[in-house]
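As structure tokens, the structure follows; a few thoughts come after it.
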Amino acid sequence: MAHTPTPSACPGRWKSRATCCAAFALGLPLQGCALRGAPSREIFGAYFPLWLLGGVIGLFAALLVHRISVSMRCTQIVPLQLPVCLSIGVTVAVLVWLVGTGQLP
């Protein structure tokens, strides 16, 4: 007995039209984005993206908080040092991003 394929519930042309409509619907919220490029800052003659600068400053802030907590012997009092230092670093990085883009005065 030969196998006969069952007809698809959605013909081929409708599949591509549905994909096109889905791509249009997903891209619609991006219409407000400007084509100016990523915000960057000039440091030592080179342009660094602001997200990279914020990440590096956040990393140093997390390391500084860890060193301060170790020197003050707070590691026994405050549990889960990694998430605490990580959240402080991410907070500082986001604040640098907001100040750098002008969204936070």
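Identifiers in the structure tokens: chain A, B, ... in order shown; residue index from 1 per chain; ligand index from 1 in order shown.
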
| field | Residue neighbourhood Ser87 in chain A, 12 Å, only C-alpha atoms, exclusion window fewer than 2 positions, as a ChimeraX atom specification | value | /A:58-59,61-63,65-66,80-85,89-94

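With only C-alpha atoms as the atoms that count, the residue of A:Thr19, A:Glu42, A:Leu95, A:Ile88 with the shortest distance to Leu64 in chain A is A:Ile88.
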
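Minimum atom-to-atom distances from A:Cys74, A:Cys20, A:Leu28, A:Val96 to Pro49 in chain A were compared using only C-alpha atoms, and the lowest value belongs to A:Val96.
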
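Counting from CA of Trp97 in chain A, the distance to CA of Leu53 in chain A is 8.4 Å.
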
Considering only alpha helix (DSSP H) as DSSP defines it on the backbone, what residues of range 37-76 of chain A qualify? List them as a short mmCIF file (atom, residue, chain, number, x, y, z; two decimals) with N, CA, C and O atoms, in the first residue's frame.
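So the final result, stored in result-v6.cif, reads:
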```cif
data_model
loop_
_atom_site.label_atom_id
_atom_site.label_comp_id
_atom_site.auth_asym_id
_atom_site.auth_seq_id
_atom_site.Cartn_x
_atom_site.Cartn_y
_atom_site.Cartn_z
N LEU A 50 28.92 52.89 24.88
CA LEU A 50 28.55 53.24 26.25
C LEU A 50 28.21 52.00 27.08
O LEU A 50 28.47 51.96 28.27
N TRP A 51 27.65 50.97 26.45
CA TRP A 51 27.33 49.76 27.20
C TRP A 51 28.60 49.08 27.69
O TRP A 51 28.62 48.51 28.78
N LEU A 52 29.67 49.13 26.90
CA LEU A 52 30.93 48.53 27.30
C LEU A 52 31.56 49.32 28.45
O LEU A 52 32.06 48.74 29.42
N LEU A 53 31.50 50.63 28.36
CA LEU A 53 32.02 51.47 29.42
C LEU A 53 31.24 51.25 30.71
O LEU A 53 31.82 51.13 31.80
N GLY A 54 29.91 51.15 30.61
CA GLY A 54 29.09 50.89 31.79
C GLY A 54 29.39 49.53 32.40
O GLY A 54 29.42 49.38 33.62
N GLY A 55 29.62 48.53 31.57
CA GLY A 55 29.95 47.19 32.06
C GLY A 55 31.28 47.16 32.80
O GLY A 55 31.39 46.52 33.84
N VAL A 56 32.27 47.85 32.26
CA VAL A 56 33.58 47.89 32.93
C VAL A 56 33.49 48.63 34.25
O VAL A 56 34.04 48.18 35.27
N ILE A 57 32.79 49.76 34.28
CA ILE A 57 32.63 50.51 35.53
C ILE A 57 31.82 49.69 36.53
O ILE A 57 32.14 49.67 37.73
N GLY A 58 30.80 48.96 36.08
CA GLY A 58 30.03 48.09 36.95
C GLY A 58 30.87 46.95 37.52
O GLY A 58 30.72 46.57 38.68
N LEU A 59 31.76 46.40 36.70
CA LEU A 59 32.66 45.34 37.17
C LEU A 59 33.58 45.86 38.26
O LEU A 59 33.76 45.21 39.30
N PHE A 60 34.16 47.04 38.04
CA PHE A 60 35.03 47.61 39.06
C PHE A 60 34.25 47.96 40.34
O PHE A 60 34.77 47.81 41.44
N ALA A 61 33.00 48.39 40.19
CA ALA A 61 32.18 48.68 41.36
C ALA A 61 31.90 47.41 42.15
O ALA A 61 31.96 47.40 43.39
N ALA A 62 31.62 46.31 41.45
CA ALA A 62 31.37 45.03 42.14
C ALA A 62 32.62 44.54 42.85
O ALA A 62 32.56 44.06 43.99
N LEU A 63 33.78 44.68 42.21
CA LEU A 63 35.03 44.28 42.86
C LEU A 63 35.33 45.16 44.06
O LEU A 63 35.81 44.67 45.10
N LEU A 64 35.07 46.45 43.96
CA LEU A 64 35.30 47.36 45.08
C LEU A 64 34.39 47.02 46.26
O LEU A 64 34.85 46.99 47.41
N VAL A 65 33.13 46.73 45.99
CA VAL A 65 32.19 46.36 47.06
C VAL A 65 32.64 45.06 47.72
O VAL A 65 32.58 44.92 48.95
N HIS A 66 33.11 44.11 46.92
CA HIS A 66 33.59 42.85 47.49
C HIS A 66 34.81 43.08 48.39
O HIS A 66 34.89 42.53 49.48
N ARG A 67 35.75 43.89 47.92
CA ARG A 67 36.94 44.17 48.72
C ARG A 67 36.59 44.90 50.02
O ARG A 67 37.16 44.63 51.07
N ILE A 68 35.67 45.82 49.95
CA ILE A 68 35.25 46.55 51.15
C ILE A 68 34.56 45.61 52.13
O ILE A 68 34.82 45.65 53.34
N SER A 69 33.71 44.72 51.63
CA SER A 69 33.01 43.79 52.53
C SER A 69 33.98 42.79 53.14
O SER A 69 33.80 42.38 54.29
N VAL A 70 35.02 42.38 52.42
CA VAL A 70 36.01 41.47 52.99
C VAL A 70 36.85 42.19 54.04
O VAL A 70 37.13 41.64 55.12
N SER A 71 37.23 43.43 53.76
CA SER A 71 38.07 44.15 54.73
C SER A 71 37.30 44.51 55.99
O SER A 71 37.89 44.60 57.07
#
```
